[in-house]
file my_file-v4.cif (mmCIF, C-alpha atoms)
data_structure
#
loop_
_atom_site.label_atom_id
_atom_site.label_comp_id
_atom_site.auth_asym_id
_atom_site.auth_seq_id
_atom_site.Cartn_x
_atom_site.Cartn_y
_atom_site.Cartn_z
CA PHE A 23 0.00 0.00 0.00
CA VAL A 24 1.39 3.42 -0.99
CA GLY A 25 0.17 7.01 -0.74
CA ARG A 26 -3.15 8.27 0.63
CA GLU A 27 -1.33 9.70 3.66
CA ILE A 28 -3.64 12.71 3.93
CA GLU A 29 -6.70 10.46 3.76
CA ILE A 30 -5.28 8.11 6.40
CA SER A 31 -4.51 11.02 8.73
CA ASN A 32 -8.04 12.38 8.29
CA ILE A 33 -9.56 8.99 9.11
CA GLU A 34 -7.36 8.62 12.20
CA GLU A 35 -8.28 12.09 13.45
CA THR A 36 -11.98 11.40 12.88
CA VAL A 37 -11.98 8.09 14.75
CA VAL A 38 -9.83 9.36 17.63
CA ALA A 39 -12.28 12.26 17.99
CA GLY A 40 -15.04 9.70 18.60
CA LYS A 41 -16.76 10.01 15.23
CA PRO A 42 -17.38 7.24 12.68
CA ALA A 43 -15.38 7.51 9.44
CA GLY A 44 -16.91 6.54 6.11
CA ILE A 45 -14.96 5.71 2.96
CA PHE A 46 -17.06 5.70 -0.19
CA GLY A 47 -16.34 5.51 -3.90
CA LEU A 48 -16.06 3.55 -7.11
CA GLY A 49 -15.09 -0.12 -6.98
CA GLY A 50 -11.35 -0.42 -7.46
CA THR A 51 -10.32 2.82 -5.74
CA GLY A 52 -8.86 0.91 -2.79
CA LYS A 53 -11.45 1.59 -0.08
CA THR A 54 -10.88 -1.67 1.76
CA GLU A 55 -7.09 -1.41 1.66
CA LEU A 56 -7.20 2.19 2.89
CA ALA A 57 -9.58 1.28 5.72
CA ARG A 58 -7.38 -1.62 6.82
CA VAL A 59 -4.25 0.53 6.88
CA ALA A 60 -6.04 3.18 8.93
CA ALA A 61 -7.50 0.56 11.30
CA ASN A 62 -4.08 -1.03 11.78
CA ARG A 63 -2.56 2.32 12.66
CA LEU A 64 -5.35 2.90 15.17
CA ALA A 65 -4.98 -0.51 16.80
CA THR A 66 -2.75 0.78 19.61
CA ARG A 67 -5.46 3.27 20.59
CA PHE A 68 -8.07 0.50 20.58
CA PRO A 69 -6.15 -2.43 22.07
CA ASP A 70 -9.08 -4.44 23.47
CA ALA A 71 -10.46 -5.69 20.15
CA GLN A 72 -10.21 -5.16 16.41
CA LEU A 73 -13.10 -6.46 14.31
CA LEU A 74 -13.16 -6.67 10.51
CA ILE A 75 -16.66 -7.51 9.29
CA ASP A 76 -17.07 -8.12 5.56
CA LEU A 77 -20.66 -7.29 4.62
CA HIS A 78 -20.48 -8.20 0.91
CA GLY A 79 -22.60 -5.19 0.00
CA GLY A 80 -21.74 -5.49 -3.67
CA LEU A 81 -23.29 -8.93 -4.01
CA LYS A 82 -26.89 -9.55 -5.04
CA GLN A 83 -27.42 -11.08 -1.59
CA PRO A 84 -25.40 -9.06 0.96
CA ARG A 85 -24.51 -10.58 4.29
CA ARG A 86 -27.35 -10.67 6.81
CA PRO A 87 -26.82 -8.59 9.97
CA ASP A 88 -27.69 -11.51 12.24
CA ASP A 89 -25.00 -13.64 10.60
CA ALA A 90 -22.45 -10.84 11.02
CA LEU A 91 -23.46 -10.36 14.66
CA PHE A 92 -23.14 -14.09 15.41
CA ASN A 93 -19.68 -14.36 13.87
CA SER A 94 -18.54 -11.19 15.61
CA LEU A 95 -19.61 -12.64 18.95
CA LEU A 96 -17.81 -15.85 18.06
CA ALA A 97 -14.63 -13.89 17.37
CA LEU A 98 -15.03 -11.96 20.61
CA GLN A 99 -15.63 -15.24 22.48
CA ALA A 100 -18.84 -13.67 23.80
CA LEU A 101 -21.43 -16.32 22.92
CA PRO A 102 -23.22 -17.76 25.97
CA PRO A 103 -22.66 -21.47 26.74
CA ARG A 104 -26.10 -22.65 25.72
CA LYS A 105 -27.66 -24.42 22.77
CA LYS A 106 -30.78 -22.24 22.47
CA ARG A 107 -30.92 -20.41 19.16
CA LEU A 108 -30.50 -16.67 19.76
CA ASP A 109 -32.87 -14.28 18.05
CA PHE A 110 -31.81 -11.03 16.40
CA GLN A 111 -32.40 -8.80 19.42
CA GLU A 112 -30.46 -11.14 21.70
CA LEU A 113 -27.53 -11.15 19.30
CA ARG A 114 -27.60 -7.37 19.12
CA GLN A 115 -27.67 -6.96 22.91
CA LEU A 116 -24.83 -9.46 23.38
CA TYR A 117 -22.80 -7.58 20.73
CA LEU A 118 -23.30 -4.24 22.49
CA SER A 119 -22.53 -5.80 25.86
CA ALA A 120 -19.33 -7.45 24.58
CA LEU A 121 -18.01 -4.11 23.29
CA SER A 122 -19.37 -1.84 26.02
CA GLY A 123 -16.59 -0.12 27.92
CA LYS A 124 -13.99 -1.61 25.62
CA ARG A 125 -11.42 0.23 23.56
CA ALA A 126 -12.30 -1.59 20.36
CA ILE A 127 -12.30 -0.63 16.69
CA VAL A 128 -14.81 -2.02 14.21
CA LEU A 129 -14.33 -1.98 10.44
CA LEU A 130 -17.55 -2.61 8.52
CA ASP A 131 -16.33 -3.34 5.00
CA ASP A 132 -18.48 -3.08 1.87
CA GLY A 133 -21.71 -2.07 3.53
CA ALA A 134 -24.93 -2.20 1.53
CA ASN A 135 -27.26 0.18 3.38
CA LEU A 136 -28.27 1.44 6.82
CA ASP A 137 -30.57 -1.53 7.46
CA GLN A 138 -27.57 -3.83 7.21
CA VAL A 139 -24.99 -1.60 8.89
CA GLY A 140 -27.16 -0.17 11.68
CA PRO A 141 -27.32 -3.29 13.90
CA LEU A 142 -23.51 -3.58 13.76
CA LEU A 143 -22.75 -0.08 15.00
CA PRO A 144 -20.68 -0.43 18.18
CA PRO A 145 -21.43 1.42 21.43
CA ALA A 146 -19.94 4.81 22.29
CA GLY A 147 -16.24 4.71 23.01
CA CYS A 148 -15.45 2.30 20.17
CA GLY A 149 -13.84 3.31 16.90
CA LEU A 150 -15.77 2.78 13.68
CA ILE A 151 -14.78 2.79 10.00
CA ILE A 152 -17.28 1.98 7.24
CA THR A 153 -16.60 1.36 3.56
CA ALA A 154 -19.30 1.26 0.89
CA ARG A 155 -19.92 2.22 -2.70
CA ALA A 156 -22.71 4.67 -1.86
CA PRO A 157 -22.83 6.90 1.25
CA ILE A 158 -24.66 5.42 4.24
CA ALA A 159 -26.45 7.85 6.55
CA VAL A 160 -24.91 6.81 9.86
CA PRO A 161 -25.42 9.53 12.50
CA GLY A 162 -22.33 11.72 12.92
CA LEU A 163 -20.40 9.97 10.17
CA VAL A 164 -17.59 11.93 8.50
CA PRO A 165 -17.51 10.87 4.81
CA LEU A 166 -14.51 10.55 2.55
CA LEU A 167 -15.10 10.12 -1.19
CA LEU A 168 -12.18 8.15 -2.59
CA ASP A 169 -11.13 8.88 -6.16
CA GLU A 170 -8.33 7.72 -8.45
CA LEU A 171 -4.70 8.13 -7.32
CA PRO A 172 -2.69 11.28 -8.01
CA ARG A 173 -0.11 10.77 -10.76
CA GLU A 174 2.95 10.47 -8.49
CA GLU A 175 1.26 8.03 -6.11
CA ALA A 176 0.02 5.97 -9.06
CA LEU A 177 3.54 5.66 -10.47
CA LYS A 178 4.93 4.72 -7.07
CA HIS A 179 2.20 2.11 -6.64
CA PHE A 180 3.06 0.66 -10.06
CA SER A 181 6.83 0.64 -9.51
CA THR A 182 6.62 -1.12 -6.13
CA ILE A 183 5.13 -4.13 -7.95
CA ALA A 184 6.64 -3.99 -11.46
CA ARG A 185 10.23 -2.95 -11.00
CA ASN A 186 12.67 -1.80 -13.70
CA VAL A 187 9.96 -0.60 -16.09
CA ASP A 188 10.84 2.53 -18.05
CA SER A 189 9.20 5.53 -16.36
CA GLU A 190 7.54 6.74 -19.56
CA ILE A 191 5.99 3.35 -20.22
CA ALA A 192 4.93 3.05 -16.57
CA GLU A 193 3.20 6.43 -16.79
CA GLN A 194 1.55 5.42 -20.06
CA ILE A 195 0.13 2.27 -18.45
CA CYS A 196 -1.05 4.17 -15.37
CA THR A 197 -2.76 6.72 -17.62
CA LEU A 198 -4.50 3.98 -19.60
CA CYS A 199 -5.66 2.58 -16.24
CA GLY A 200 -7.19 5.96 -15.43
CA PHE A 201 -4.97 5.99 -12.30
CA LEU A 202 -7.39 3.50 -10.71
CA PRO A 203 -5.48 1.56 -7.99
CA LEU A 204 -7.03 -1.84 -8.75
CA ALA A 205 -6.25 -1.53 -12.46
CA ILE A 206 -2.68 -0.37 -11.82
CA ARG A 207 -2.07 -3.24 -9.44
CA ALA A 208 -3.49 -5.75 -11.92
CA CYS A 209 -1.31 -4.47 -14.78
CA ALA A 210 1.83 -4.23 -12.67
CA THR A 211 1.29 -7.73 -11.29
CA ARG A 212 0.83 -9.13 -14.79
CA LEU A 213 4.14 -7.60 -15.86
CA ALA A 214 5.94 -8.72 -12.70
CA PHE A 215 4.90 -12.36 -13.11
CA THR A 216 5.02 -12.68 -16.90
CA PRO A 217 8.74 -12.63 -17.79
CA ASP A 218 8.21 -12.69 -21.56
CA LEU A 219 5.70 -9.79 -21.58
CA GLU A 220 7.56 -6.71 -22.76
CA PRO A 221 6.24 -3.55 -21.02
CA GLY A 222 6.18 -1.49 -24.21
CA ASP A 223 4.19 -4.16 -26.04
CA TYR A 224 1.77 -4.44 -23.13
CA ALA A 225 1.25 -0.67 -23.11
CA ALA A 226 0.53 -0.77 -26.84
CA GLN A 227 -1.99 -3.57 -26.35
CA LEU A 228 -3.75 -1.58 -23.63
CA GLY A 229 -4.18 1.23 -26.13
CA ASP A 230 -6.94 -0.76 -27.82
CA GLU A 231 -10.14 0.25 -26.02
CA LYS A 232 -11.99 -2.83 -27.26
CA THR A 233 -9.79 -5.21 -25.25
CA ARG A 234 -8.40 -2.96 -22.51
CA LEU A 235 -10.60 -4.22 -19.68
CA GLU A 236 -9.82 -7.81 -20.62
CA LEU A 237 -6.07 -7.12 -20.71
CA ILE A 238 -6.14 -5.32 -17.36
CA ALA A 239 -7.86 -8.24 -15.63
CA ASN A 240 -5.65 -10.56 -13.60
CA PRO A 241 -8.07 -13.27 -12.47
CA GLU A 242 -5.30 -15.56 -11.22
CA ILE A 243 -4.94 -13.33 -8.14
CA GLY A 244 -8.46 -11.94 -8.07
CA LEU A 245 -7.79 -8.55 -9.63
CA ASN A 246 -10.53 -7.68 -12.10
CA VAL A 247 -11.88 -4.17 -12.70
CA GLU A 248 -14.91 -5.50 -14.55
CA THR A 249 -15.87 -7.65 -11.56
CA ALA A 250 -15.54 -4.65 -9.24
CA LEU A 251 -17.78 -2.56 -11.50
CA ASN A 252 -20.30 -5.40 -11.83
CA ALA A 253 -20.97 -5.10 -8.11
CA SER A 254 -22.18 -1.52 -8.58
CA TYR A 255 -23.98 -2.14 -11.87
CA HIS A 256 -26.06 -4.92 -10.30
CA LEU A 257 -27.39 -2.41 -7.77
CA LEU A 258 -29.06 -0.35 -10.50
CA ASN A 259 -32.70 -0.67 -11.41
CA LYS A 260 -33.72 -1.01 -15.07
CA GLU A 261 -34.02 2.74 -15.71
CA GLU A 262 -30.75 3.61 -13.97
CA ALA A 263 -28.93 0.92 -15.94
CA ARG A 264 -30.39 2.25 -19.19
CA VAL A 265 -29.20 5.78 -18.45
CA PHE A 266 -25.77 4.51 -17.41
CA ARG A 267 -25.30 2.69 -20.72
CA HIS A 268 -26.35 5.77 -22.69
CA LEU A 269 -23.91 8.10 -20.95
CA VAL A 270 -21.15 6.87 -23.27
CA VAL A 271 -22.49 9.28 -25.91
CA PHE A 272 -20.79 12.11 -24.01
CA PRO A 273 -17.13 12.25 -25.08
CA GLY A 274 -16.07 14.35 -22.08
CA SER A 275 -17.96 16.05 -19.29
CA TRP A 276 -21.57 17.21 -19.43
CA ASP A 277 -24.14 19.12 -17.44
CA ALA A 278 -27.52 18.01 -16.09
CA PRO A 279 -29.72 19.61 -18.79
CA ALA A 280 -27.76 17.85 -21.54
CA GLU A 281 -28.11 14.49 -19.80
CA GLU A 282 -31.81 15.00 -19.14
CA TYR A 283 -32.41 15.68 -22.83
CA VAL A 284 -30.14 13.03 -24.35
CA CYS A 285 -30.93 10.24 -21.86
CA GLU A 286 -34.58 11.22 -21.30
CA ASP A 287 -33.90 11.27 -17.57
CA ARG A 288 -36.44 13.54 -15.94
CA SER A 289 -34.87 15.82 -13.30
CA HIS A 290 -31.71 13.70 -13.78
CA ARG A 291 -32.95 11.29 -11.10
CA ALA A 292 -31.14 8.27 -12.51
CA LEU A 293 -27.97 10.32 -12.94
CA SER A 294 -28.07 11.34 -9.27
CA GLN A 295 -28.22 7.68 -8.24
CA LEU A 296 -25.24 6.92 -10.47
CA VAL A 297 -23.33 9.68 -8.69
CA ARG A 298 -24.31 8.17 -5.31
CA LEU A 299 -22.87 4.83 -6.40
CA ALA A 300 -19.72 6.59 -7.69
CA LEU A 301 -20.28 5.25 -11.21
CA VAL A 302 -20.37 8.89 -12.33
CA SER A 303 -18.13 11.65 -10.97
CA PHE A 304 -19.59 15.07 -10.20
CA ASP A 305 -17.58 18.29 -10.06
CA LYS A 306 -19.66 20.46 -7.77
CA ALA A 307 -17.65 23.62 -8.51
CA ASN A 308 -18.49 23.46 -12.22
CA ALA A 309 -21.73 21.44 -11.99
CA ARG A 310 -20.30 18.98 -14.52
CA TYR A 311 -20.43 15.18 -14.66
CA ARG A 312 -18.00 12.69 -16.19
CA LEU A 313 -17.28 8.98 -16.52
CA HIS A 314 -13.96 7.49 -15.48
CA ASP A 315 -12.21 6.15 -18.60
CA LEU A 316 -12.53 2.50 -17.52
CA VAL A 317 -16.14 3.01 -16.43
CA ARG A 318 -16.87 4.41 -19.91
CA LEU A 319 -15.42 1.26 -21.50
CA TYR A 320 -17.42 -0.88 -19.09
CA ALA A 321 -20.68 0.99 -19.78
CA GLY A 322 -20.12 0.72 -23.51
CA GLY A 323 -19.78 -3.03 -23.20
CA ARG A 324 -23.09 -3.56 -21.40
CA PRO A 325 -25.67 -4.98 -23.82
CA ASP A 326 -29.16 -3.56 -23.91
CA PRO A 327 -31.70 -6.11 -22.59
#

call {"tool": "encode", "arguments": {"input": "my_file-v4.cif", "output": "structure tokens"}}
result
Amino acid sequence: FVGREIEISNIEETVVAGKPAGIFGLGGTGKTELARVAANRLATRFPDAQLLIDLHGGLKQPRRPDDALFNSLLALQALPPRKKRLDFQELRQLYLSALSGKRAIVLLDDGANLDQVGPLLPPAGCGLIITARAPIAVPGLVPLLLDELPREEALKHFSTIARNVDSEIAEQICTLCGFLPLAIRACATRLAFTPDLEPGDYAAQLGDEKTRLELIANPEIGLNVETALNASYHLLNKEEARVFRHLVVFPGSWDAPAEEYVCEDRSHRALSQLVRLALVSFDKANARYRLHDLVRLYAGGRPDP
């Protein structure tokens, strides 16, 4: 893990101040990795317990809160010695009791919504970090919207994995990845573990938009941008998915009136949901929207039903 020092410091300050920290953004921006680094750095301040709860919010069937509560109690060795099946409220009360008065930090990773996350919120005095694609309205939460890496951090991230690659070629590959951490890691890993793949040739291959997503994927180690984007796309309803696919007609950025007209999206309601899920970026200062380069390729490859 490299970079994101400002973001890590902000998360640490938020949690130490007794507020929950939320990390939101597009799949592949490194939300989970960032949260884990921050949680590890905070471990000395919360020495009694550190819980990582994967909520699988990007799946069609996210993890049930009662299942997460049960496994958390198992990890905390806080389940009562009895065979009676515990109901939801009993699990919740045992969870709160196990963490009450403790200096513990809880990382809720890949949350789906407040209904899922709410029962897992720890009692006052505990640290809390939440990651999700779309913001979750947890009381007092301080949100951080994670975007692509700055150029220098992207190049450093690439070079720590794929060493001895010419700097110009490395920058070319990072640019073609749209400076998305997951994509950079996948490309760098492919180069590092494929001795006969010449970096210049690989960069040239990535220049073909038709096959770029396929060439970036590194399924052998679970690095696949398309899979990460699928998790967000599956959360869209039929109308939102239709608008998302049609946004590829905009070559650069656009404003709301243009989208409403072209995509027939009244009051840009579908567009707003796409922004919430970080599939579309919004520049508030200029009131302009845009698609990340890899998201554009992904949207263009979605077939109409």

call {"tool": "closest_residue", "arguments": {"input": "my_file-v4.cif", "among": "A:Gln72, A:Ser122, A:Thr153, A:Asn93", "to": "Ile45 of chain A", "atoms": "all atoms listed in the file"}}
result
A:Thr153

call {"tool": "resolve_selection", "arguments": {"input": "my_file-v4.cif", "expression": "the PyMOL selection byres ((chain A and resi 322) around 9)", "output": "mmCIF file with C-alpha atoms, in the coordinates of the input"}}
result
data_model
loop_
_atom_site.group_PDB
_atom_site.id
_atom_site.type_symbol
_atom_site.label_atom_id
_atom_site.label_comp_id
_atom_site.auth_asym_id
_atom_site.auth_seq_id
_atom_site.Cartn_x
_atom_site.Cartn_y
_atom_site.Cartn_z
ATOM 1 C CA ARG A 267 -25.300 2.690 -20.720
ATOM 2 C CA HIS A 268 -26.350 5.770 -22.690
ATOM 3 C CA LEU A 269 -23.910 8.100 -20.950
ATOM 4 C CA VAL A 270 -21.150 6.870 -23.270
ATOM 5 C CA VAL A 317 -16.140 3.010 -16.430
ATOM 6 C CA ARG A 318 -16.870 4.410 -19.910
ATOM 7 C CA LEU A 319 -15.420 1.260 -21.500
ATOM 8 C CA TYR A 320 -17.420 -0.880 -19.090
ATOM 9 C CA ALA A 321 -20.680 0.990 -19.780
ATOM 10 C CA GLY A 323 -19.780 -3.030 -23.200
ATOM 11 C CA ARG A 324 -23.090 -3.560 -21.400
ATOM 12 C CA PRO A 325 -25.670 -4.980 -23.820
#

call {"tool": "closest_residue", "arguments": {"input": "my_file-v4.cif", "among": "A:Arg312, A:Val160, A:Ile243, A:His290", "to": "Phe272 of chain A", "atoms": "all atoms listed in the file"}}
result
A:Arg312

call {"tool": "closest_residue", "arguments": {"input": "my_file-v4.cif", "among": "A:Val271, A:Leu142, A:Ala126, A:Ala253", "to": "Asp88 of chain A", "atoms": "all atoms listed in the file"}}
result
A:Leu142

call {"tool": "resolve_selection", "arguments": {"input": "my_file-v4.cif", "expression": "the PyMOL selection byres ((chain A and resi 199) around 9)", "output": "PDB file with C-alpha atoms, keeping the file's coordinate frame"}}
result
ATOM      1  CA  GLN A 194       1.550   5.420 -20.060  1.00  0.00           C
ATOM      2  CA  ILE A 195       0.130   2.270 -18.450  1.00  0.00           C
ATOM      3  CA  CYS A 196      -1.050   4.170 -15.370  1.00  0.00           C
ATOM      4  CA  THR A 197      -2.760   6.720 -17.620  1.00  0.00           C
ATOM      5  CA  LEU A 198      -4.500   3.980 -19.600  1.00  0.00           C
ATOM      6  CA  GLY A 200      -7.190   5.960 -15.430  1.00  0.00           C
ATOM      7  CA  PHE A 201      -4.970   5.990 -12.300  1.00  0.00           C
ATOM      8  CA  LEU A 202      -7.390   3.500 -10.710  1.00  0.00           C
ATOM      9  CA  PRO A 203      -5.480   1.560  -7.990  1.00  0.00           C
ATOM     10  CA  LEU A 204      -7.030  -1.840  -8.750  1.00  0.00           C
ATOM     11  CA  ALA A 205      -6.250  -1.530 -12.460  1.00  0.00           C
ATOM     12  CA  ILE A 206      -2.680  -0.370 -11.820  1.00  0.00           C
ATOM     13  CA  CYS A 209      -1.310  -4.470 -14.780  1.00  0.00           C
ATOM     14  CA  LEU A 228      -3.750  -1.580 -23.630  1.00  0.00           C
ATOM     15  CA  ARG A 234      -8.400  -2.960 -22.510  1.00  0.00           C
ATOM     16  CA  ILE A 238      -6.140  -5.320 -17.360  1.00  0.00           C
ATOM     17  CA  ASP A 315     -12.210   6.150 -18.600  1.00  0.00           C
ATOM     18  CA  LEU A 316     -12.530   2.500 -17.520  1.00  0.00           C
TER      19      LEU A 316
END

call {"tool": "resolve_selection", "arguments": {"input": "my_file-v4.cif", "expression": "the PyMOL selection byres ((chain A and resi 179) around 9)", "output": "ChimeraX atom specification"}}
result
/A:23-25,174-178,180-184,203,206-207,210

call {"tool": "residues_near_point", "arguments": {"input": "my_file-v4.cif", "point": "(-24.5, -17.4, 16.2)", "cutoff": "12 Å", "atoms": "all atoms listed in the file", "output": "VMD selection string"}}
result
chain A and resid 86 to 110 112 to 114 116 to 117

call {"tool": "residues_around", "arguments": {"input": "my_file-v4.cif", "residues": "segment 27-44 of chain A", "least_positions_apart": "5", "cutoff": "7 Å", "atoms": "all atoms listed in the file", "output": "PyMOL selection string"}}
result
chain A and resi 60+64+147+149-153+162-166

call {"tool": "atom_distance", "arguments": {"input": "my_file-v4.cif", "atom1": "atom CA of Leu313 of chain A", "atom2": "atom CA of Ala208 of chain A"}}
result
20.7 Å

call {"tool": "atom_distance", "arguments": {"input": "my_file-v4.cif", "atom1": "atom CA of Val59 of chain A", "atom2": "atom CA of Leu130 of chain A"}}
result
13.8 Å

call {"tool": "residues_near_point", "arguments": {"input": "my_file-v4.cif", "point": "(-13.5, -0.6, 22.0)", "cutoff": "7 Å", "atoms": "only C-alpha atoms", "output": "PyMOL selection string"}}
result
chain A and resi 68+70-71+121+123-127+147-149

call {"tool": "atom_distance", "arguments": {"input": "my_file-v4.cif", "atom1": "atom CA of Arg63 of chain A", "atom2": "atom CA of Val139 of chain A"}}
result
23.1 Å

call {"tool": "residues_around", "arguments": {"input": "my_file-v4.cif", "residues": "Val265 of chain A", "least_positions_apart": "3", "cutoff": "8 Å", "atoms": "all atoms listed in the file", "output": "list in words"}}
result
Glu261, Glu262, His268, Leu269, Cys285, Asp287, Ala292 and Leu293 of chain A

call {"tool": "closest_residue", "arguments": {"input": "my_file-v4.cif", "among": "A:Leu258, A:Leu168, A:Ala309, A:Ala134", "to": "Ala280 of chain A", "atoms": "all atoms listed in the file"}}
result
A:Ala309

call {"tool": "residues_around", "arguments": {"input": "my_file-v4.cif", "residues": "Arg298 of chain A", "least_positions_apart": "3", "cutoff": "10 Å", "atoms": "only C-alpha atoms", "output": "CSV table (one decimal) with C-alpha atoms, in the frame of the given file"}}
result
chain,number,residue,atom,x,y,z
A,46,PHE,CA,-17.1,5.7,-0.2
A,47,GLY,CA,-16.3,5.5,-3.9
A,48,LEU,CA,-16.1,3.6,-7.1
A,155,ARG,CA,-19.9,2.2,-2.7
A,156,ALA,CA,-22.7,4.7,-1.9
A,157,PRO,CA,-22.8,6.9,1.2
A,158,ILE,CA,-24.7,5.4,4.2
A,292,ALA,CA,-31.1,8.3,-12.5
A,293,LEU,CA,-28.0,10.3,-12.9
A,294,SER,CA,-28.1,11.3,-9.3
A,295,GLN,CA,-28.2,7.7,-8.2
A,301,LEU,CA,-20.3,5.2,-11.2
A,302,VAL,CA,-20.4,8.9,-12.3
A,303,SER,CA,-18.1,11.6,-11.0
A,304,PHE,CA,-19.6,15.1,-10.2

call {"tool": "residues_around", "arguments": {"input": "my_file-v4.cif", "residues": "Asp76 of chain A", "least_positions_apart": "5", "cutoff": "10 Å", "atoms": "all atoms listed in the file", "output": "PyMOL selection string"}}
result
chain A and resi 54+84-85+90+129-133+153

call {"tool": "closest_residue", "arguments": {"input": "my_file-v4.cif", "among": "A:Leu171, A:Gly80, A:Ala263, A:Arg67", "to": "Gly52 of chain A", "atoms": "only C-alpha atoms"}}
result
A:Leu171

call {"tool": "decode", "arguments": {"input": "my_file-v4.cif", "residues": "segment 112-164 of chain A", "atoms": "C-alpha atoms", "output": "tab-separated table (two decimals), in the first residue's frame"}}
result
chain	number	residue	atom	x	y	z
A	112	GLU	CA	-30.46	-11.14	21.70
A	113	LEU	CA	-27.53	-11.15	19.30
A	114	ARG	CA	-27.60	-7.37	19.12
A	115	GLN	CA	-27.67	-6.96	22.91
A	116	LEU	CA	-24.83	-9.46	23.38
A	117	TYR	CA	-22.80	-7.58	20.73
A	118	LEU	CA	-23.30	-4.24	22.49
A	119	SER	CA	-22.53	-5.80	25.86
A	120	ALA	CA	-19.33	-7.45	24.58
A	121	LEU	CA	-18.01	-4.11	23.29
A	122	SER	CA	-19.37	-1.84	26.02
A	123	GLY	CA	-16.59	-0.12	27.92
A	124	LYS	CA	-13.99	-1.61	25.62
A	125	ARG	CA	-11.42	0.23	23.56
A	126	ALA	CA	-12.30	-1.59	20.36
A	127	ILE	CA	-12.30	-0.63	16.69
A	128	VAL	CA	-14.81	-2.02	14.21
A	129	LEU	CA	-14.33	-1.98	10.44
A	130	LEU	CA	-17.55	-2.61	8.52
A	131	ASP	CA	-16.33	-3.34	5.00
A	132	ASP	CA	-18.48	-3.08	1.87
A	133	GLY	CA	-21.71	-2.07	3.53
A	134	ALA	CA	-24.93	-2.20	1.53
A	135	ASN	CA	-27.26	0.18	3.38
A	136	LEU	CA	-28.27	1.44	6.82
A	137	ASP	CA	-30.57	-1.53	7.46
A	138	GLN	CA	-27.57	-3.83	7.21
A	139	VAL	CA	-24.99	-1.60	8.89
A	140	GLY	CA	-27.16	-0.17	11.68
A	141	PRO	CA	-27.32	-3.29	13.90
A	142	LEU	CA	-23.51	-3.58	13.76
A	143	LEU	CA	-22.75	-0.08	15.00
A	144	PRO	CA	-20.68	-0.43	18.18
A	145	PRO	CA	-21.43	1.42	21.43
A	146	ALA	CA	-19.94	4.81	22.29
A	147	GLY	CA	-16.24	4.71	23.01
A	148	CYS	CA	-15.45	2.30	20.17
A	149	GLY	CA	-13.84	3.31	16.90
A	150	LEU	CA	-15.77	2.78	13.68
A	151	ILE	CA	-14.78	2.79	10.00
A	152	ILE	CA	-17.28	1.98	7.24
A	153	THR	CA	-16.60	1.36	3.56
A	154	ALA	CA	-19.30	1.26	0.89
A	155	ARG	CA	-19.92	2.22	-2.70
A	156	ALA	CA	-22.71	4.67	-1.86
A	157	PRO	CA	-22.83	6.90	1.25
A	158	ILE	CA	-24.66	5.42	4.24
A	159	ALA	CA	-26.45	7.85	6.55
A	160	VAL	CA	-24.91	6.81	9.86
A	161	PRO	CA	-25.42	9.53	12.50
A	162	GLY	CA	-22.33	11.72	12.92
A	163	LEU	CA	-20.40	9.97	10.17
A	164	VAL	CA	-17.59	11.93	8.50
